[in-house]
2 protein chains.
Amino acid sequence: MSASSEGTVVEALRWREGRLELIDQRFLPSRFDYVRCTNAADVAEAIRSMVVRGAPAIGCAAAFGIALEAHRQQDRRPREFHAAMEAAFKALAASRPTAVNLFWALERMRSALTVHRDNPKSAAAKLAEVALAIFQADLETNRAIGRAGMKHVPDGARILTHCNTGALATAGHGTALGVVRSARDAGKHISVIASETRPYLQGARLTAWELIQEKIPVTLITDNMAGHFMSQGKVDIVIVGADRIAANGDVANKIGTYPLAVLAQRHRIPFYVAAPLSTIDLKTANGKAIPIEERSASEVTGYAGVRWAPDGVAVANPAFDITPAKLVGALFTERGVTKRPNAAKIRDLFKR
Amino acid sequence: MSASSEGTVVEALRWREGRLELIDQRFLPSRFDYVRCTNAADVAEAIRSMVVRGAPAIGCAAAFGIALEAHRQQDRRPREFHAAMEAAFKALAASRPTAVNLFWALERMRSALTVHRDNPKSAAAKLAEVALAIFQADLETNRAIGRAGMKHVPDGARILTHCNTGALATAGHGTALGVVRSARDAGKHISVIASETRPYLQGARLTAWELIQEKIPVTLITDNMAGHFMSQGKVDIVIVGADRIAANGDVANKIGTYPLAVLAQRHRIPFYVAAPLSTIDLKTANGKAIPIEERSASEVTGYAGVRWAPDGVAVANPAFDITPAKLVGALFTERGVTKRPNAAKIRDLFKR
């Protein structure tokens with residue numbers, strides 16, 4: 001049994017019997033390696049340390065982490081198996097706090113486990129099946145998001161995007177970058193402006209790299225240049241992904257998203273969010289209730305062993321910010337385009 | 001004859017008979033060295049390569065560059081002296097295009113030269129005197145800016161600043177950071193949020209370092225975090241410097257300034273610009289007429305020999321952006337506070 005994101009160049013996750021292989025995104029593009037995970041703790045550490053990142057990819061990885069642990073523990077007695085699985089759920093749930101796809105995937109895995117809890121072997125088989133289904137569904141979902149979103153991408157559009165929302169951030173194809181791929185595949189002559197996305201440089205390292213692989217024209221800028229290019233009329237639309245969308249449509253996404261939305265509004269540039277329904281958290285009323293992960297100071301003070309900030313400086317490193325729903329022109333999901341999202345429209349999405 | 005910015009900890013420029021010593025700001029804070037310049041070409045190269053940067057410091061350095069060249073050429077015949085000085089003016093004027101203090105200082109030096117053009121020795125003596133006067137006046141000017149601006153800094157203020165506008169960017173004390181220094185010296189309990197200022201990291205490398213030297217509390221953030229902290233109510237005022245202010249009050253300053261002004265407006269946070277009159281260019285009608293320097297791609301694709309962007313990626317690197325006058329709450333100059341600057345108020349500043 002193996003999973004691969006057919007039709008996409010980059011495979012962030014590869015599932016093999018008894019192991020999960022993850023492209024090590026910490027060192028791309030200067031080094032291309034796979035990290036192998038054989039249990040839930042490996043996967044939790046890979047998520048925490050950002051070997052794998054991107055809300056949908058984190059969800060898939062967590063599901064595979066549960067499947068790996070079940071495979072490893074399947075010869076134990078039900079009670080021991082259950083204890084081991086509880087520890088696995090706990091470790092994975094604690095890996096990163098903001099992306100809700102993680103909790104959504106763990107919830108689905110827990111439901112599957114509950115049905116088969118008295119038989120470790122059949123539980124392990126079922127959990128592997130569900131993890132694979134989550135992965136394959138994410139790929140299909142991204143293609144549906146791409147088909148929906150690309151209608152809003154004019155031919156010739158210069159698209160600003162932030163962070164990485166491509167094949168590397170998902171099971172394949174991508175969310176915001178999936179819309180870009182779908183538009184290109186439909187014959188639209190688009191080009192991308194990729195903001196580098198400090199501090200972790202996902203735009204410079206991952207998005208630029210993915211787009212070069214796909215021969216989609218890309219220009220790299222620092223995050224603080226977006227306003228300049230918008231004011232010069234050089235950005236036609238902005239498309240970003242999301243790590244969690246609250247019930248009212250507020251969007252938690254990579255730090256730096258909110259300023260792009262504010263600037264886009266000022267310059268009357270459409271601002272779109274592309275994300276699967278698994279990113280929407282109906283239990284979180286609004287953006288204020290979304291927990292914002294604070295990451296290590298070392299991500300801000302330097303890169304790859306080179307330190308540029310002075311010793312002893314205090315640092316803040318929130319990994320996400322909140323874009324109010326009012327700044328979102330449309331939400332692209334696998335259920336289509338939701339213009340000017342709000343609580344009522346988001347509730348309706350789940351009723352279709 | 002020597003110049004030193006008495007009372008400030010950091011001396012970006014040190015003037016000695018026959019040479020100019022510049023702190024090499026390319027490698028701060030990891031390496032602290034002085035670069036010695038003995039002629040105009042040395043100084044032009046130091047400005048171009050950003051050994052010395054910051055609009056007022058560039059103006060002072062250019063003036064010293066002319067003085068150095070005159071000193072070196074003073075034994076030549078008037079005609080040869082004149083040709084050498086013309087080449088010096090040309091090299092220095094071509095070093096960087098945006099900061100107008102450079103051209104302002106060269107203009108002053110040219111006037112002094114014109115008076116003494118038939119006598120190289122007396123011209124050299126006069127030019128050294130004028131360069132030193134420009135340097136000393138800049139220091140006095142910055143203190144006056146600080147006195148004016150600090151009235152708008154509430155006790156306990158959390159001040160967001162961008163790039164470096166401190167002693168390193170001027171003859172001493174600083175412009176925007178001079179206001180911070182003056183407020184602290186007046187007993188106000190202020191703290192600073194320094195945006196790192198990609199791509200050249202002047203905030204992370206220089207502002208954080210200067211403030212630590214001065215024991216002023218500072219928190220380093222990436223540029224794209226400013227919106228998050230404003231939305232959380234953690235920024236009380238924004239103060240930035242300027243590289244050129246047009247006749248209508250539009251401000252060219254380090255790339256990333258414009259988004260801060262837009263975000264500050266949204267959150268009703270006062271946005272102030274601190275700059276000497278030598279930064280105001282009455283000959284430039286508005287921001288659109290200000291030339292924006294495009295710098296090397298290598299500043300964006302990595303740092304200090306570490307490259308993180310993929311090979312072959314296209315890069316944009318405009319060094320400055322334009323903040324419309326309408327977003328500027330007040331301009332702090334050596335002539336006081338100009339609220340909501342516009343063309344008429346700026347003309348008036350020069351009549352006082």
# chains A, B, ... in the order shown; residues from 1 in each chain; ligands from 1

call {"tool": "interface_residues", "arguments": {"of": "chain A", "to": "chain B", "cutoff": "9 Å", "atoms": "only C-alpha atoms", "output": "JSON, numbers by chain"}}
result
{"A": [27, 28, 29, 30, 196, 197, 198, 199, 201, 203, 204, 205, 206, 208, 209, 212, 217, 218, 219, 220, 221, 222, 223, 224, 225, 226, 227, 228, 231, 255, 256, 257, 258, 259, 260, 262, 263, 266, 300, 301, 303, 304, 306, 307, 308, 309, 310, 311, 312, 313, 314, 315, 316, 317, 318, 319, 320, 321, 322]}

call {"tool": "select_by_dssp", "arguments": {"residues": "stretch 38-247 of chain B", "states": "helix (DSSP H, G or I)", "output": "PyMOL selection string"}}
result
chain B and resi 40-48+55-73+78-93+100-115+120-152+167-169+176-185+202-213+223-231

call {"tool": "write_last_selection", "arguments": {"atoms": "C-alpha atoms", "output": "short mmCIF file (atom, residue, chain, number, x, y, z; two decimals), in the first residue's frame"}}
result
data_model
loop_
_atom_site.label_atom_id
_atom_site.label_comp_id
_atom_site.auth_asym_id
_atom_site.auth_seq_id
_atom_site.Cartn_x
_atom_site.Cartn_y
_atom_site.Cartn_z
CA ALA B 40 36.49 60.64 -2.75
CA ALA B 41 36.43 57.32 -4.62
CA ASP B 42 36.88 55.43 -1.33
CA VAL B 43 33.98 57.32 0.19
CA ALA B 44 31.75 56.84 -2.88
CA GLU B 45 32.40 53.09 -2.73
CA ALA B 46 31.71 53.04 1.03
CA ILE B 47 28.34 54.74 0.41
CA ARG B 48 27.46 52.46 -2.53
CA ALA B 55 20.48 59.64 4.77
CA PRO B 56 22.15 62.16 7.13
CA ALA B 57 25.29 60.02 7.53
CA ILE B 58 25.54 59.67 3.76
CA GLY B 59 25.38 63.47 3.43
CA CYS B 60 28.17 63.92 6.01
CA ALA B 61 30.29 61.19 4.41
CA ALA B 62 29.94 62.75 0.96
CA ALA B 63 31.02 66.15 2.32
CA PHE B 64 34.07 64.56 3.95
CA GLY B 65 34.76 62.74 0.67
CA ILE B 66 35.01 66.09 -1.12
CA ALA B 67 37.21 67.48 1.67
CA LEU B 68 39.51 64.42 1.46
CA GLU B 69 39.89 64.76 -2.27
CA ALA B 70 40.65 68.49 -2.00
CA HIS B 71 43.28 67.76 0.68
CA ARG B 72 44.88 65.16 -1.58
CA GLN B 73 44.84 67.41 -4.67
CA PRO B 78 44.05 75.11 -10.31
CA ARG B 79 42.96 73.52 -13.59
CA GLU B 80 44.02 70.00 -12.59
CA PHE B 81 42.63 70.53 -9.11
CA HIS B 82 39.34 71.58 -10.62
CA ALA B 83 39.18 68.49 -12.91
CA ALA B 84 39.93 66.15 -9.99
CA MET B 85 37.25 67.80 -7.88
CA GLU B 86 34.70 67.49 -10.68
CA ALA B 87 35.41 63.76 -10.87
CA ALA B 88 35.00 63.54 -7.09
CA PHE B 89 31.62 65.28 -7.19
CA LYS B 90 30.51 63.00 -10.00
CA ALA B 91 31.56 59.78 -8.23
CA LEU B 92 29.88 60.78 -4.98
CA ALA B 93 26.66 61.93 -6.68
CA VAL B 100 18.63 63.72 -0.98
CA ASN B 101 20.95 64.72 1.88
CA LEU B 102 23.75 63.43 -0.34
CA PHE B 103 22.96 65.98 -3.06
CA TRP B 104 22.27 68.69 -0.49
CA ALA B 105 25.71 68.19 1.07
CA LEU B 106 27.45 68.09 -2.32
CA GLU B 107 25.67 71.32 -3.26
CA ARG B 108 26.99 73.02 -0.14
CA MET B 109 30.50 71.76 -0.82
CA ARG B 110 30.31 72.96 -4.41
CA SER B 111 29.32 76.46 -3.30
CA ALA B 112 32.32 76.59 -0.97
CA LEU B 113 34.61 75.35 -3.72
CA THR B 114 33.34 77.95 -6.19
CA VAL B 115 34.40 80.78 -3.88
CA PRO B 120 43.58 74.84 -4.27
CA LYS B 121 45.21 75.15 -0.84
CA SER B 122 42.69 77.60 0.53
CA ALA B 123 39.88 75.64 -1.17
CA ALA B 124 41.03 72.46 0.59
CA ALA B 125 41.12 74.23 3.94
CA LYS B 126 37.70 75.74 3.37
CA LEU B 127 36.16 72.44 2.22
CA ALA B 128 37.42 70.64 5.32
CA GLU B 129 35.90 73.40 7.41
CA VAL B 130 32.53 73.20 5.64
CA ALA B 131 32.41 69.38 5.83
CA LEU B 132 33.07 69.55 9.53
CA ALA B 133 30.40 72.22 9.90
CA ILE B 134 27.89 69.98 8.07
CA PHE B 135 28.78 67.13 10.42
CA GLN B 136 28.50 69.23 13.57
CA ALA B 137 25.29 70.87 12.39
CA ASP B 138 23.77 67.43 11.78
CA LEU B 139 24.46 66.45 15.36
CA GLU B 140 22.87 69.69 16.63
CA THR B 141 19.98 69.23 14.24
CA ASN B 142 19.30 65.73 15.52
CA ARG B 143 19.23 66.97 19.10
CA ALA B 144 16.74 69.66 18.08
CA ILE B 145 14.61 67.02 16.30
CA GLY B 146 14.75 64.93 19.46
CA ARG B 147 13.63 67.84 21.65
CA ALA B 148 10.75 68.62 19.29
CA GLY B 149 9.62 65.04 18.75
CA MET B 150 9.80 63.79 22.30
CA LYS B 151 6.83 65.98 23.29
CA HIS B 152 4.75 63.57 21.23
CA ALA B 167 23.80 57.43 15.74
CA LEU B 168 24.87 54.98 13.03
CA ALA B 169 22.66 56.72 10.44
CA ALA B 176 13.70 58.82 14.74
CA LEU B 177 15.98 57.03 17.20
CA GLY B 178 17.14 60.47 18.37
CA VAL B 179 13.55 61.17 19.43
CA VAL B 180 13.65 57.88 21.36
CA ARG B 181 16.96 58.89 22.97
CA SER B 182 15.68 62.35 23.88
CA ALA B 183 12.50 60.89 25.39
CA ARG B 184 14.52 58.46 27.48
CA ASP B 185 16.97 61.19 28.54
CA GLN B 202 19.36 47.35 9.63
CA GLY B 203 16.75 46.94 12.37
CA ALA B 204 18.04 43.58 13.58
CA ARG B 205 21.73 44.40 13.18
CA LEU B 206 22.01 48.12 13.89
CA THR B 207 18.97 49.43 15.77
CA ALA B 208 18.82 46.49 18.17
CA TRP B 209 22.57 46.83 18.73
CA GLU B 210 22.47 50.60 19.31
CA LEU B 211 19.56 50.34 21.74
CA ILE B 212 21.25 47.56 23.71
CA GLN B 213 24.37 49.79 23.98
CA ASP B 223 8.76 43.27 9.42
CA ASN B 224 5.59 41.31 8.78
CA MET B 225 4.74 41.11 12.52
CA ALA B 226 4.01 44.84 12.91
CA GLY B 227 0.34 44.44 11.91
CA HIS B 228 -0.15 41.69 14.47
CA PHE B 229 1.26 43.78 17.32
CA MET B 230 -0.74 46.83 16.28
CA SER B 231 -3.94 44.77 16.17
#

call {"tool": "select_by_dssp", "arguments": {"residues": "stretch 5-132 of chain B", "states": "strand (DSSP E)", "output": "VMD selection string"}}
result
chain B and resid 13 to 16 19 to 23 34 to 37

call {"tool": "write_last_selection", "arguments": {"atoms": "C-alpha atoms", "output": "CSV table (one decimal), in the first residue's frame"}}
result
chain,number,residue,atom,x,y,z
B,13,LEU,CA,32.0,58.7,11.1
B,14,ARG,CA,35.3,59.8,12.6
B,15,TRP,CA,37.1,62.7,10.8
B,16,ARG,CA,40.9,62.9,11.0
B,19,ARG,CA,41.3,60.5,6.4
B,20,LEU,CA,37.7,59.5,7.2
B,21,GLU,CA,37.0,56.5,9.4
B,22,LEU,CA,33.7,54.8,9.0
B,23,ILE,CA,32.2,52.0,11.1
B,34,TYR,CA,36.5,50.8,10.9
B,35,VAL,CA,37.0,51.4,7.1
B,36,ARG,CA,39.5,54.1,6.3
B,37,CYS,CA,38.9,56.4,3.4
